[in-house]
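Engineer: The following block contains the structure, expressed as structure tokens.
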Amino acid sequence: MLKCLEFFSGVGGWHLALTKAGLKFEILQAFDINENANQVYEYNFGIKPSKKIIDRLTVNELEKLAANTWLMSPCCQPFTLNGTRLDDKDNRSKPLLNLIDILATISSPPGFIALENVPLFEGSNCCNKLKTTLKSRGYLIKEYIVSPKDIGNPNDRKRYFLVALNSDSELLHQDFLPQRIDRLPMKCPEMMKLREIERLPMKCPEMMKLREFLDVDVEYEYFLTLPDVSKLKNFRHDVVSPESSNCSTFTSSYEARHLKGSGSILQTKNFGFEFDRTNPDHLIHIGVRLFTPNEIMKIHGYPPEFKFPKQISIKQMYRLLGNGLHISCVSEVLRHAVMEKES
Ligand SMILES: C[S@@+](CC[C@H](N)C(=O)[O-])C[C@H]1O[C@@H](n2cnc3c(N)ncnc32)[C@H](O)[C@@H]1O
């Protein structure tokens, strides 16, 4: 059984991905400072995350929790192009750096560690420090750059994953973990390749279309108005249609409606019309709207039973989902990392 600490837990992406991957696990404790995220977490899983700031956790506290698995998706802003790219000098890296320090000294390190971040995390000082510490403590490391598109999901959300297994850990001898991890490639750039290795039954070899994820009777509030589309001089949203097999990454700024690069918008009518995406009148003519939070959840692979509590506003939902994980993608990485046995 994976006995997990879920750091930077948000709305519980790792929790959902473990479930989707079919692994046996228990969350011993989740940690997040965001009150809205914690309410969503508790509402769905009946576990109240700790609001303790991760920068201040101590070796002693984590030793007492006696987890064999650490899951984490630290803040990506220190590594993104839109952020400052201050890497380990950014205050938002402090919680991760603290976890790395704890890992260096904790008496019984967790057998299994998984981390998700943006692709630019790879090769950063934080990443290198983590890998150096993991190696010094006897971990075998696997790294992936994977996008949902690699598993047939029509969403471009490329992410970096690091999965580390401690060769001293008793977890290695259990049923659900690989016996010969050293034979796996250290870096697999594409999921299709991983799939061949793992030989898991796959449902979706072909790219799905967005129409499979759309709601019916979407409310007026999600449709963009002329003031919305006229707000920026160079309005160049990525416009997709229900027949598209791709949409761009939904970020936490998507709710702002007019930010270029924050996520695709959807054409809903006049499909034959050849529009100019910089022309506001054209965009109104083709009935552009935001993807609803429910649609984003479906695209990101959240299970239908996952719900937001009533007090969480639409804006907050977009922010939380934009910061969150692509559950289908993460579960594939987990399945590959822990279930590959015989190749
Ligand atoms: C990238 S999001 C993780 C999202 C999460 N994996 C999910 O599925 O929703 C990073 C999270 O870390 C939390 N966070 C940032 N700094 C923190 C700190 N110092 N201590 C605890 N939580 C922190 C944020 O509130 C945010 O929810």
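Naming scheme: A, B, ... for chains in displayed order of the structure tokens; residues 1 onward per chain; ligands 1 onward as shown.
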Using only C-alpha atoms and all ligand atoms, I'd like a table of the residues in chain A that come within 8 Å of ligand 1; for each, show the closest atom pair and its distance in Å rounded to one decimal, ordered by chain and ascending number, as a tab-separated table.
Structural biologist:
```
residue	atom	partner	partner_atom_place_in_ligand_line	distance
A:Phe7	CA	ligand 1	22 (N)	7.0
A:Phe8	CA	ligand 1	12 (O)	3.7
A:Ser9	CA	ligand 1	5 (C)	4.6
A:Gly10	CA	ligand 1	9 (O)	3.4
A:Val11	CA	ligand 1	9 (O)	4.0
A:Gly12	CA	ligand 1	8 (O)	4.6
A:Gly13	CA	ligand 1	8 (O)	3.2
A:Trp14	CA	ligand 1	8 (O)	6.0
A:Phe31	CA	ligand 1	21 (C)	5.7
A:Asp32	CA	ligand 1	22 (N)	3.6
A:Ile33	CA	ligand 1	22 (N)	4.4
A:Asn34	CA	ligand 1	25 (O)	4.2
A:Glu35	CA	ligand 1	25 (O)	7.9
A:Ala37	CA	ligand 1	27 (O)	6.2
A:Lys51	CA	ligand 1	21 (C)	6.7
A:Lys52	CA	ligand 1	21 (C)	6.5
A:Ile53	CA	ligand 1	20 (N)	3.7
A:Ile54	CA	ligand 1	20 (N)	4.0
A:Asp55	CA	ligand 1	19 (N)	5.4
A:Met72	CA	ligand 1	6 (N)	6.7
A:Ser73	CA	ligand 1	6 (N)	5.0
A:Pro74	CA	ligand 1	10 (C)	5.1
A:Cys75	CA	ligand 1	1 (C)	4.7
A:Cys76	CA	ligand 1	1 (C)	6.2
A:Arg92	CA	ligand 1	16 (N)	6.2
A:Lys94	CA	ligand 1	19 (N)	6.9
A:Pro95	CA	ligand 1	19 (N)	5.0
A:Asn117	CA	ligand 1	1 (C)	7.5
A:Leu320	CA	ligand 1	9 (O)	6.1
A:Leu321	CA	ligand 1	9 (O)	6.6
A:Asn323	CA	ligand 1	1 (C)	4.8
A:Gly324	CA	ligand 1	9 (O)	3.6
A:Leu325	CA	ligand 1	8 (O)	4.7
```
Engineer: For the selection just defined, write its residues with C-alpha atoms to a file, as a PDB file, in the first residue's frame.
Structural biologist:
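Printed below is part24.pdb as written:
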```pdb
ATOM      1  CA  PHE A   7       2.292  18.171  -1.003  1.00  0.00           C
ATOM      2  CA  PHE A   8       0.873  21.240  -2.829  1.00  0.00           C
ATOM      3  CA  SER A   9      -2.321  19.204  -2.920  1.00  0.00           C
ATOM      4  CA  GLY A  10      -4.601  21.779  -4.614  1.00  0.00           C
ATOM      5  CA  VAL A  11      -7.882  20.086  -5.476  1.00  0.00           C
ATOM      6  CA  GLY A  12      -6.281  16.648  -5.157  1.00  0.00           C
ATOM      7  CA  GLY A  13      -4.875  15.847  -8.587  1.00  0.00           C
ATOM      8  CA  TRP A  14      -2.461  13.193  -7.340  1.00  0.00           C
ATOM      9  CA  PHE A  31      -0.687  20.054   2.457  1.00  0.00           C
ATOM     10  CA  ASP A  32      -1.795  23.305   0.835  1.00  0.00           C
ATOM     11  CA  ILE A  33      -2.090  26.931   1.914  1.00  0.00           C
ATOM     12  CA  ASN A  34      -4.946  27.746  -0.463  1.00  0.00           C
ATOM     13  CA  GLU A  35      -8.220  27.808   1.469  1.00  0.00           C
ATOM     14  CA  ALA A  37      -8.398  24.362  -2.812  1.00  0.00           C
ATOM     15  CA  LYS A  51      -2.562  24.631   5.950  1.00  0.00           C
ATOM     16  CA  LYS A  52       0.920  24.469   7.369  1.00  0.00           C
ATOM     17  CA  ILE A  53       3.318  26.149   5.001  1.00  0.00           C
ATOM     18  CA  ILE A  54       5.559  23.522   3.442  1.00  0.00           C
ATOM     19  CA  ASP A  55       8.659  25.732   3.834  1.00  0.00           C
ATOM     20  CA  MET A  72       4.147  16.848  -5.261  1.00  0.00           C
ATOM     21  CA  SER A  73       3.420  19.497  -7.869  1.00  0.00           C
ATOM     22  CA  PRO A  74       5.281  22.574  -6.669  1.00  0.00           C
ATOM     23  CA  CYS A  75       4.576  26.059  -8.020  1.00  0.00           C
ATOM     24  CA  CYS A  76       5.719  26.392 -11.602  1.00  0.00           C
ATOM     25  CA  ARG A  92       8.065  30.242  -4.333  1.00  0.00           C
ATOM     26  CA  LYS A  94      11.320  27.578  -0.880  1.00  0.00           C
ATOM     27  CA  PRO A  95       8.824  24.823  -0.060  1.00  0.00           C
ATOM     28  CA  ASN A 117       6.044  20.551 -13.101  1.00  0.00           C
ATOM     29  CA  LEU A 320      -7.948  25.839  -9.447  1.00  0.00           C
ATOM     30  CA  LEU A 321      -8.282  23.773 -12.615  1.00  0.00           C
ATOM     31  CA  ASN A 323      -3.223  25.199 -11.555  1.00  0.00           C
ATOM     32  CA  GLY A 324      -4.196  21.554 -11.384  1.00  0.00           C
ATOM     33  CA  LEU A 325      -3.124  18.323 -12.996  1.00  0.00           C
TER      34      LEU A 325
END
```
Engineer: Tell me, as a short mmCIF file (atom, residue, chain, number, x, y, z; two decimals) with N, CA and C atoms, in the first residue's frame, which residues lie within 7 Å of Val59 of chain A, counting only C-alpha atoms; anything in the same chain fewer than 4 positions away does not count.
Structural biologist:
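The resulting file, result22.cif, is shown below:
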```cif
data_model
loop_
_atom_site.label_atom_id
_atom_site.label_comp_id
_atom_site.auth_asym_id
_atom_site.auth_seq_id
_atom_site.Cartn_x
_atom_site.Cartn_y
_atom_site.Cartn_z
N GLU A 63 9.04 12.57 9.69
CA GLU A 63 9.39 11.23 10.19
C GLU A 63 8.21 10.62 10.94
N ILE A 102 14.94 18.13 3.63
CA ILE A 102 14.43 17.08 4.53
C ILE A 102 14.80 15.70 3.99
N ILE A 106 16.37 12.80 6.33
CA ILE A 106 15.33 12.00 7.01
C ILE A 106 15.83 10.55 7.18
#
```
Engineer: Please extract the residues of segment 20-224 of chain A with a backbone DSSP assignment of strand (DSSP E or B) and present them as a ChimeraX atom specification.
Structural biologist: /A:25-31,50,69-72,112-117,139-146,159-166,187-188,223
Engineer: What are the closest atom pairs, with distances in Å to one decimal, for each residue of segment 141-168 of chain A lying within 8 Å of segment 296-303 of chain A, using only C-alpha atoms, rows by chain and rising residue number, as a tab-separated table?
Structural biologist:
```
residue	atom	partner	partner_atom	distance
A:Asn153	CA	A:Ile299	CA	7.3
A:Pro154	CA	A:Ile299	CA	7.6
A:Asn155	CA	A:Ile299	CA	7.2
```
Engineer: Leaving out segment 78-87 of chain A and any residue of its chain fewer than 4 positions from it, which residues lie within 7 Å of it when counting only C-alpha atoms, given as a PDB file with N, CA and C atoms, in the first residue's frame?
Structural biologist:
```pdb
ATOM      1  N   ARG A  92       9.044  31.315  -4.140  1.00  0.00           N
ATOM      2  CA  ARG A  92       8.065  30.242  -4.333  1.00  0.00           C
ATOM      3  C   ARG A  92       8.719  28.876  -4.488  1.00  0.00           C
ATOM      4  N   SER A  93      10.049  28.862  -4.592  1.00  0.00           N
ATOM      5  CA  SER A  93      10.758  27.576  -4.626  1.00  0.00           C
ATOM      6  C   SER A  93      11.106  27.085  -3.225  1.00  0.00           C
ATOM      7  N   LEU A 120      10.052  23.391 -18.371  1.00  0.00           N
ATOM      8  CA  LEU A 120      11.264  24.175 -18.094  1.00  0.00           C
ATOM      9  C   LEU A 120      11.859  23.871 -16.712  1.00  0.00           C
ATOM     10  N   PHE A 121      11.140  23.103 -15.910  1.00  0.00           N
ATOM     11  CA  PHE A 121      11.711  22.677 -14.619  1.00  0.00           C
ATOM     12  C   PHE A 121      12.935  21.800 -14.861  1.00  0.00           C
ATOM     13  N   SER A 124      16.659  22.841 -14.351  1.00  0.00           N
ATOM     14  CA  SER A 124      16.759  24.011 -13.460  1.00  0.00           C
ATOM     15  C   SER A 124      17.643  23.656 -12.270  1.00  0.00           C
ATOM     16  N   ASN A 125      18.063  24.675 -11.523  1.00  0.00           N
ATOM     17  CA  ASN A 125      18.864  24.408 -10.320  1.00  0.00           C
ATOM     18  C   ASN A 125      18.068  23.568  -9.325  1.00  0.00           C
ATOM     19  N   CYS A 126      16.760  23.876  -9.210  1.00  0.00           N
ATOM     20  CA  CYS A 126      15.923  23.104  -8.276  1.00  0.00           C
ATOM     21  C   CYS A 126      15.889  21.637  -8.686  1.00  0.00           C
TER      22      CYS A 126
END
```
Engineer: Give the alpha helix (DSSP H) residues of segment 92-333 of chain A, as assigned by DSSP on the backbone, as JSON, numbers by chain.
Structural biologist: {"A": [94, 95, 96, 97, 98, 99, 100, 101, 102, 103, 104, 105, 125, 126, 127, 128, 129, 130, 131, 132, 133, 134, 135, 136, 191, 192, 193, 194, 195, 196, 197, 198, 226, 227, 228, 229, 230, 280, 281, 282, 283, 284, 285, 293, 294, 295, 296, 297, 298, 299, 314, 315, 316, 317, 318, 319, 320, 321, 322, 323, 327, 328, 329, 330, 331, 332, 333]}
Engineer: Have a look at atom CA of Thr19 of chain A and atom CA of Ser167 of chain A and let me know their distance in Å, one decimal.
Structural biologist: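 We find that atom CA of Thr19 of chain A and atom CA of Ser167 of chain A lie 24.6 Å from each other.
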Engineer: Taking only C-alpha atoms into account, name the residue in A:Leu210, A:Ala66, A:Ile286, A:Val239 that is nearest to Asn270 of chain A.
Structural biologist: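 Among the listed residues, A:Ile286 lies closest to Asn270 of chain A.
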Engineer: Please provide the set of residues having any atom within 9 Å of Ile314 of chain A, restricted to only C-alpha atoms, with same-chain residues fewer than 6 positions apart removed, written as a list in words.
Structural biologist: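 Using only C-alpha atoms, the neighbours found are Glu255, Thr292 and Pro293 of chain A.
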Engineer: I need the residues from that last selection saved to file as a compact mmCIF listing (two decimals), in the first residue's frame (with C-alpha atoms), if you can.
Structural biologist:
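Result went into out_13.txt, see below:
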```txt
# COMPACT_ATOMS: atom_id res chain seq x y z
CA GLU A 255 -11.26 33.23 -16.50
CA THR A 292 -16.93 25.62 -19.04
CA PRO A 293 -15.20 24.37 -15.88
```
Engineer: Which of these, A:Asp156, A:Asp215, A:Glu332, A:Glu221, has the shortest distance to Gly261 of chain A once you count only C-alpha atoms?
Structural biologist: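 Nearest candidate to Gly261 of chain A out of A:Asp156, A:Asp215, A:Glu332, A:Glu221: A:Asp156.
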Engineer: Find, counting only C-alpha atoms, the residue in A:Tyr160, A:Lys64, A:Ser248, A:Thr132 that gets nearest to Tyr144 of chain A.
Structural biologist: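 Answer, going by the shortest atom-to-atom distance: A:Tyr160.
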Engineer: Please identify all polymer residues within 10 Å of Ser136 of chain A, counting only C-alpha atoms, omitting same-chain residues fewer than 5 positions from it, and present them as a PyMOL selection string.
Structural biologist: chain A and resi 104+130-131
Engineer: Can you write just those residues out, N, CA and C atoms, as a PDB file, in the first residue's frame?
Structural biologist:
```pdb
ATOM      1  N   ALA A 104      17.284  14.892   2.333  1.00  0.00           N
ATOM      2  CA  ALA A 104      18.722  14.608   2.481  1.00  0.00           C
ATOM      3  C   ALA A 104      19.038  14.015   3.856  1.00  0.00           C
ATOM      4  N   LEU A 130      17.383  18.470  -6.616  1.00  0.00           N
ATOM      5  CA  LEU A 130      16.534  17.331  -6.246  1.00  0.00           C
ATOM      6  C   LEU A 130      17.170  16.021  -6.725  1.00  0.00           C
ATOM      7  N   LYS A 131      17.626  15.997  -7.963  1.00  0.00           N
ATOM      8  CA  LYS A 131      18.194  14.757  -8.505  1.00  0.00           C
ATOM      9  C   LYS A 131      19.481  14.356  -7.779  1.00  0.00           C
TER      10      LYS A 131
END
```
